[in-house]
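Since the structure comes first, as structure tokens, the remarks are kept for the end.
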Amino acid sequence: MHLSSDQKKHFAREGYLLVEDALNDTDLQPLIDDYAAFIDQRARHLYQQNKLSQLYETEPFSRRLAHICREDLSIYSDIDLMNFRGHDAFSFLHNDALLNLIEDIIGPEITCSPIQHARAKLPANILQKTASADKETKTRLEAAIAENVAPWHQDAQVHLEEADPSFILTVWLPLCDATPQNGCLQLIPRQHLRDTVYWSEGFGISDENLPADEVLTLPMRKGSVLLMHKLTPHRSTPNTSDDIRWSLDLRYQRSGTPTGRSFYPAFVARSRANPATELRDHAEWSRQWQQALAAITPANRPRRQNRPTRPAPMPGAAGA
């Protein structure tokens with residue numbers, strides 16, 4: 001699948017594009033199976049250590065990790081792509097159907113940014129099902145539940161200044177149906193045309209600085225892909241369902257432009273001019289992440305020095 005002329009115009013005008021049914025089970029199931037095998041392996045290890053009362057192996061993928069997290073959060077702490085580093089997860093970052101969409105926005109020389117995440121948004125109701133847990137466990141579980149309920153923000157807020165002029169495309173996709181009940185995304189369109197970041201104290205955008213424009217709620221079927229400009233404000237809502245809302249948020253950009261996370265590994269995902277530069281070696285990708293994380297943990301990574309507390313321009317970021 002490639003984007004039509006109208007779809008490209010929609011992205012340029014609105015700052016986002018929802019591409020329905022862009023991927024199928026052949027694209028997504030290997031990634032899901034990769035995570036399911038990882039969770040199963042880790043659960044068996046925890047069970048052997050008497051940290052789990054049972055394996056929950058009859059639970060579906062959409063719920064198994066939530067049951068496990070009621071007793072132990074160690075698997076949850078490692079599901080992000082940089083920690084998990086699964087073989088099929090790496091392969092998915094090169095998925096041709098996905099890269100075709102990306103190429104239609106940013107061109108044929110595509111780098112996969114190191115700002116890439118897998119999210120397992122836990123259902124809020126697991127707190128009610130953990131009534132017997134001690135206070136420390138409940139506190140940690142509350143933090144895990146809140147972790148993936150993102151406030152209003154723009155992705156331009158999370159990279160270093162060196163990447164301010166870079167056009168960076170956010171690619172968000174659910175591994176299950178994303179609904180208002182399980183915490184789908186909301187966004188405010190057309191803000192990228194203003195070349196403005198709506199800075200506030202801390203992470204995100206305060207109510208005071210949030211643009212007073214229409215808010216779109218975007219339910220998405222599994223297999224759909226959301227493309228977003230890095231200046232498009234968006235947030236995710238709480239998960240009030242019984243299932244985990246699994247999703248990926250990835251970032252791609254033109255090769256040769258700064259990622260704003262130079263201390264973490266980016267790689268060429270597609271090059272029409274020089275395919276030999278594409279990184280296809282999973283072991284090498286994993287080695288680069290291991291080395292980078294050993295040197296700089298996420299908690300200690302460099303942060304922006306120029307972080308205004310009021311809306312401010314980010315010239316150049318609007319150009320695709």
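Scheme for the structure tokens: letters A, B, ... for chains in order shown; per-chain residue numbers from 1; ligand numbers from 1 in order shown.
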
Compile the contact shell of Pro233 (chain A) as an MDAnalysis selection string: residues with an atom at most 10 Å away, counting only C-alpha atoms, same-chain residues fewer than 4 positions apart removed. chainID A and resid 15 151:156 186:192 197:198 204:205 210:211 215 228:229

For the selection just defined, write its residues with C-alpha atoms to a file, as a PDB file, in the first residue's frame.
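Okay, this is what ended up in again21.pdb:
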```
ATOM      1  CA  GLY A  15      -0.561  17.208  10.717  1.00  0.00           C
ATOM      2  CA  PRO A 151      -0.733  13.925  29.087  1.00  0.00           C
ATOM      3  CA  TRP A 152      -1.105  16.377  26.229  1.00  0.00           C
ATOM      4  CA  HIS A 153       2.296  16.742  24.594  1.00  0.00           C
ATOM      5  CA  GLN A 154       4.130  17.125  21.307  1.00  0.00           C
ATOM      6  CA  ASP A 155       6.853  14.685  20.353  1.00  0.00           C
ATOM      7  CA  ALA A 156       9.097  17.649  19.580  1.00  0.00           C
ATOM      8  CA  GLN A 186      -6.684  12.059  21.018  1.00  0.00           C
ATOM      9  CA  LEU A 187      -5.030  14.845  19.026  1.00  0.00           C
ATOM     10  CA  ILE A 188      -5.422  18.484  18.008  1.00  0.00           C
ATOM     11  CA  PRO A 189      -4.951  18.887  14.253  1.00  0.00           C
ATOM     12  CA  ARG A 190      -3.297  21.640  12.215  1.00  0.00           C
ATOM     13  CA  GLN A 191      -1.017  22.876  15.010  1.00  0.00           C
ATOM     14  CA  HIS A 192       2.114  21.979  13.014  1.00  0.00           C
ATOM     15  CA  VAL A 197       5.895  24.021  20.722  1.00  0.00           C
ATOM     16  CA  TYR A 198       3.477  24.592  23.592  1.00  0.00           C
ATOM     17  CA  GLY A 204       3.625  17.909  28.408  1.00  0.00           C
ATOM     18  CA  ILE A 205       1.347  20.881  27.828  1.00  0.00           C
ATOM     19  CA  LEU A 210      -3.028  24.005  25.323  1.00  0.00           C
ATOM     20  CA  PRO A 211      -4.395  25.354  22.021  1.00  0.00           C
ATOM     21  CA  VAL A 215      -9.926  17.679  19.858  1.00  0.00           C
ATOM     22  CA  MET A 228       1.779  12.270  13.056  1.00  0.00           C
ATOM     23  CA  HIS A 229       3.888  15.381  12.717  1.00  0.00           C
TER      24      HIS A 229
END
```

Enumerate as a PyMOL selection string all residues of region 129-302 of chain A assigned to helix (DSSP H, G or I) by DSSP on the backbone, naming them with the chain letters and numbers the document uses. chain A and resi 129-130+135-147+155-157+161-163+191-194+275-277+282-295+298-300

Could you turn the residues from that selection into a file that holds C-alpha atoms, as a PDB file, in the first residue's frame?
```pdb
ATOM      1  CA  LYS A 129      -8.260  -6.770  42.062  1.00  0.00           C
ATOM      2  CA  THR A 130      -5.110  -6.346  44.143  1.00  0.00           C
ATOM      3  CA  LYS A 135       1.163  -0.436  50.256  1.00  0.00           C
ATOM      4  CA  GLU A 136       4.483  -0.484  48.384  1.00  0.00           C
ATOM      5  CA  THR A 137       3.164  -2.934  45.784  1.00  0.00           C
ATOM      6  CA  LYS A 138       0.047  -0.839  45.256  1.00  0.00           C
ATOM      7  CA  THR A 139       2.117   2.323  44.873  1.00  0.00           C
ATOM      8  CA  ARG A 140       4.310   0.695  42.230  1.00  0.00           C
ATOM      9  CA  LEU A 141       1.267  -0.675  40.434  1.00  0.00           C
ATOM     10  CA  GLU A 142      -0.411   2.735  40.439  1.00  0.00           C
ATOM     11  CA  ALA A 143       2.718   4.209  38.861  1.00  0.00           C
ATOM     12  CA  ALA A 144       2.772   1.499  36.184  1.00  0.00           C
ATOM     13  CA  ILE A 145      -0.889   2.102  35.348  1.00  0.00           C
ATOM     14  CA  ALA A 146      -0.321   5.863  35.098  1.00  0.00           C
ATOM     15  CA  GLU A 147       2.898   5.520  33.093  1.00  0.00           C
ATOM     16  CA  ASP A 155       6.853  14.685  20.353  1.00  0.00           C
ATOM     17  CA  ALA A 156       9.097  17.649  19.580  1.00  0.00           C
ATOM     18  CA  GLN A 157       9.410  18.046  23.356  1.00  0.00           C
ATOM     19  CA  GLU A 161      17.931  20.799  20.624  1.00  0.00           C
ATOM     20  CA  GLU A 162      20.147  19.468  17.834  1.00  0.00           C
ATOM     21  CA  ALA A 163      17.072  17.844  16.255  1.00  0.00           C
ATOM     22  CA  GLN A 191      -1.017  22.876  15.010  1.00  0.00           C
ATOM     23  CA  HIS A 192       2.114  21.979  13.014  1.00  0.00           C
ATOM     24  CA  LEU A 193       1.322  24.890  10.705  1.00  0.00           C
ATOM     25  CA  ARG A 194       2.145  27.273  13.558  1.00  0.00           C
ATOM     26  CA  PRO A 275      20.693  -0.623   0.298  1.00  0.00           C
ATOM     27  CA  ALA A 276      23.985  -1.885   1.734  1.00  0.00           C
ATOM     28  CA  THR A 277      23.752   0.792   4.436  1.00  0.00           C
ATOM     29  CA  HIS A 282      19.472  -8.166  14.772  1.00  0.00           C
ATOM     30  CA  ALA A 283      22.461  -9.176  16.903  1.00  0.00           C
ATOM     31  CA  GLU A 284      24.289  -5.971  16.002  1.00  0.00           C
ATOM     32  CA  TRP A 285      21.245  -3.828  16.755  1.00  0.00           C
ATOM     33  CA  SER A 286      20.856  -5.548  20.115  1.00  0.00           C
ATOM     34  CA  ARG A 287      24.576  -5.160  20.857  1.00  0.00           C
ATOM     35  CA  GLN A 288      24.406  -1.422  20.112  1.00  0.00           C
ATOM     36  CA  TRP A 289      21.493  -0.999  22.504  1.00  0.00           C
ATOM     37  CA  GLN A 290      23.162  -3.024  25.236  1.00  0.00           C
ATOM     38  CA  GLN A 291      26.316  -0.948  24.935  1.00  0.00           C
ATOM     39  CA  ALA A 292      24.422   2.357  24.867  1.00  0.00           C
ATOM     40  CA  LEU A 293      22.223   1.499  27.854  1.00  0.00           C
ATOM     41  CA  ALA A 294      25.233   0.370  29.854  1.00  0.00           C
ATOM     42  CA  ALA A 295      26.797   3.779  29.243  1.00  0.00           C
ATOM     43  CA  PRO A 298      17.176   6.214  30.376  1.00  0.00           C
ATOM     44  CA  ALA A 299      16.959   7.845  33.802  1.00  0.00           C
ATOM     45  CA  ASN A 300      20.341   9.506  33.260  1.00  0.00           C
TER      46      ASN A 300
END
```

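Using only C-alpha atoms for every distance, the candidate list A:Asp195, A:Asp34, A:Asp134, A:Asp242 yields A:Asp34 as the residue closest to Gly86 (chain A).
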
Quick check, in Å to one decimal: how far apart do CA of Ile115 (chain A) and CA of Arg261 (chain A) lie? 7.4 Å

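Look at Asp72 (chain A): the protein and nucleic acid residues within 9 Å of it, using only C-alpha atoms and passing over chain neighbours fewer than 5 places away, are Leu46, Lys51, Leu52 and Thr137 of chain A.
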
Selected residues written out with N, CA and C atoms, as a compact mmCIF listing (two decimals), in the first residue's frame:
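Just written: result07.txt:
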```txt
# COMPACT_ATOMS: atom_id res chain seq x y z
N LEU A 46 9.87 -16.44 37.03
CA LEU A 46 9.33 -15.86 38.27
C LEU A 46 8.61 -16.93 39.10
N LYS A 51 7.84 -16.10 42.95
CA LYS A 51 7.37 -14.72 42.88
C LYS A 51 6.01 -14.61 42.22
N LEU A 52 5.55 -15.71 41.63
CA LEU A 52 4.21 -15.78 41.05
C LEU A 52 3.49 -16.96 41.66
N THR A 137 3.56 -2.28 47.03
CA THR A 137 3.16 -2.93 45.78
C THR A 137 2.09 -2.12 45.09
```

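Shortest atom-to-atom contact with Asp33 (chain A) among A:Leu175, A:Leu250, A:Leu226, A:Ala273: A:Leu175, counting only C-alpha atoms.
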
Point out the residue among A:Ile168, A:His117, A:Asn209, A:Pro30 with the least atom-to-atom distance to Asn83 (chain A), counting only C-alpha atoms. A:His117

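For Leu160 (chain A), the non-local neighbours within 12 Å, defined as residues at least 5 positions apart in the same chain or in other chains and counting only C-alpha atoms, are Ile115, Asp155, Pro165, Ser166, Pro258, Thr259, Gly260, Arg261, Ser262, Phe263, Arg301, Pro302, Arg303, Arg304, Gln305, Asn306 and Arg307 of chain A.
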
Residues from last step as file, C-alpha atoms, as an mmCIF file, in the first residue's frame:
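Once everything was written out, this is out_34.cif:
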```cif
data_model
loop_
_atom_site.group_PDB
_atom_site.id
_atom_site.type_symbol
_atom_site.label_atom_id
_atom_site.label_comp_id
_atom_site.auth_asym_id
_atom_site.auth_seq_id
_atom_site.Cartn_x
_atom_site.Cartn_y
_atom_site.Cartn_z
ATOM 1 C CA ILE A 115 12.990 7.189 20.174
ATOM 2 C CA ASP A 155 6.853 14.685 20.353
ATOM 3 C CA PRO A 165 15.074 21.548 12.678
ATOM 4 C CA SER A 166 14.627 17.844 11.824
ATOM 5 C CA PRO A 258 19.947 14.566 13.791
ATOM 6 C CA THR A 259 17.729 12.345 15.936
ATOM 7 C CA GLY A 260 18.113 14.304 19.160
ATOM 8 C CA ARG A 261 19.235 11.086 20.884
ATOM 9 C CA SER A 262 22.683 10.603 19.382
ATOM 10 C CA PHE A 263 23.768 8.619 22.451
ATOM 11 C CA ARG A 301 20.075 10.450 29.607
ATOM 12 C CA PRO A 302 20.759 14.082 28.669
ATOM 13 C CA ARG A 303 17.747 16.392 28.743
ATOM 14 C CA ARG A 304 17.035 19.573 26.845
ATOM 15 C CA GLN A 305 18.669 22.692 28.215
ATOM 16 C CA ASN A 306 16.413 25.014 26.223
ATOM 17 C CA ARG A 307 12.984 24.204 27.649
#
```

Would you tabulate, counting only C-alpha atoms, all residues of region 241-310 of chain A that have an atom at most 12 Å from an atom of region 220-224 of chain A, showing the closest pair of atoms and their distance in Å to one decimal, sorted by chain then ascending number, as JSON lines?
```
{"residue": "A:Arg245", "atom": "CA", "partner": "A:Lys222", "partner_atom": "CA", "distance": 10.6}
{"residue": "A:Trp246", "atom": "CA", "partner": "A:Lys222", "partner_atom": "CA", "distance": 9.9}
{"residue": "A:Ser247", "atom": "CA", "partner": "A:Lys222", "partner_atom": "CA", "distance": 9.5}
{"residue": "A:Leu248", "atom": "CA", "partner": "A:Lys222", "partner_atom": "CA", "distance": 11.5}
```

Exercise: Ile244 (chain A) partners within 9 Å, only C-alpha atoms, chain neighbours under 4 positions left out, as a ChimeraX atom specification: /A:61-66,120-123,176,182,239

Can you list, as JSON, numbers by chain, all residues belonging to region 159-194 of chain A that DSSP tags as strand (DSSP E)? {"A": [168, 169, 170, 171, 172, 173, 174, 185, 186, 187]}

Please produce a file of those selected residues containing C-alpha atoms, as a short mmCIF file (atom, residue, chain, number, x, y, z; two decimals), in the first residue's frame.
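This went into result13.cif:
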```
data_model
loop_
_atom_site.label_atom_id
_atom_site.label_comp_id
_atom_site.auth_asym_id
_atom_site.auth_seq_id
_atom_site.Cartn_x
_atom_site.Cartn_y
_atom_site.Cartn_z
CA ILE A 168 10.62 13.51 12.55
CA LEU A 169 7.58 11.40 11.77
CA THR A 170 5.75 9.66 14.60
CA VAL A 171 4.27 6.29 13.64
CA TRP A 172 1.72 5.01 16.17
CA LEU A 173 -0.03 1.68 15.82
CA PRO A 174 -2.05 -0.58 18.11
CA LEU A 185 -5.30 8.55 21.23
CA GLN A 186 -6.68 12.06 21.02
CA LEU A 187 -5.03 14.85 19.03
#
```

Suppose you want the space between CA of Ile126 (chain A) and CA of Pro238 (chain A); what is it in Å? 12.7 Å

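The space between CA of Leu218 (chain A) and CA of Ala178 (chain A) spans 8.3 Å.
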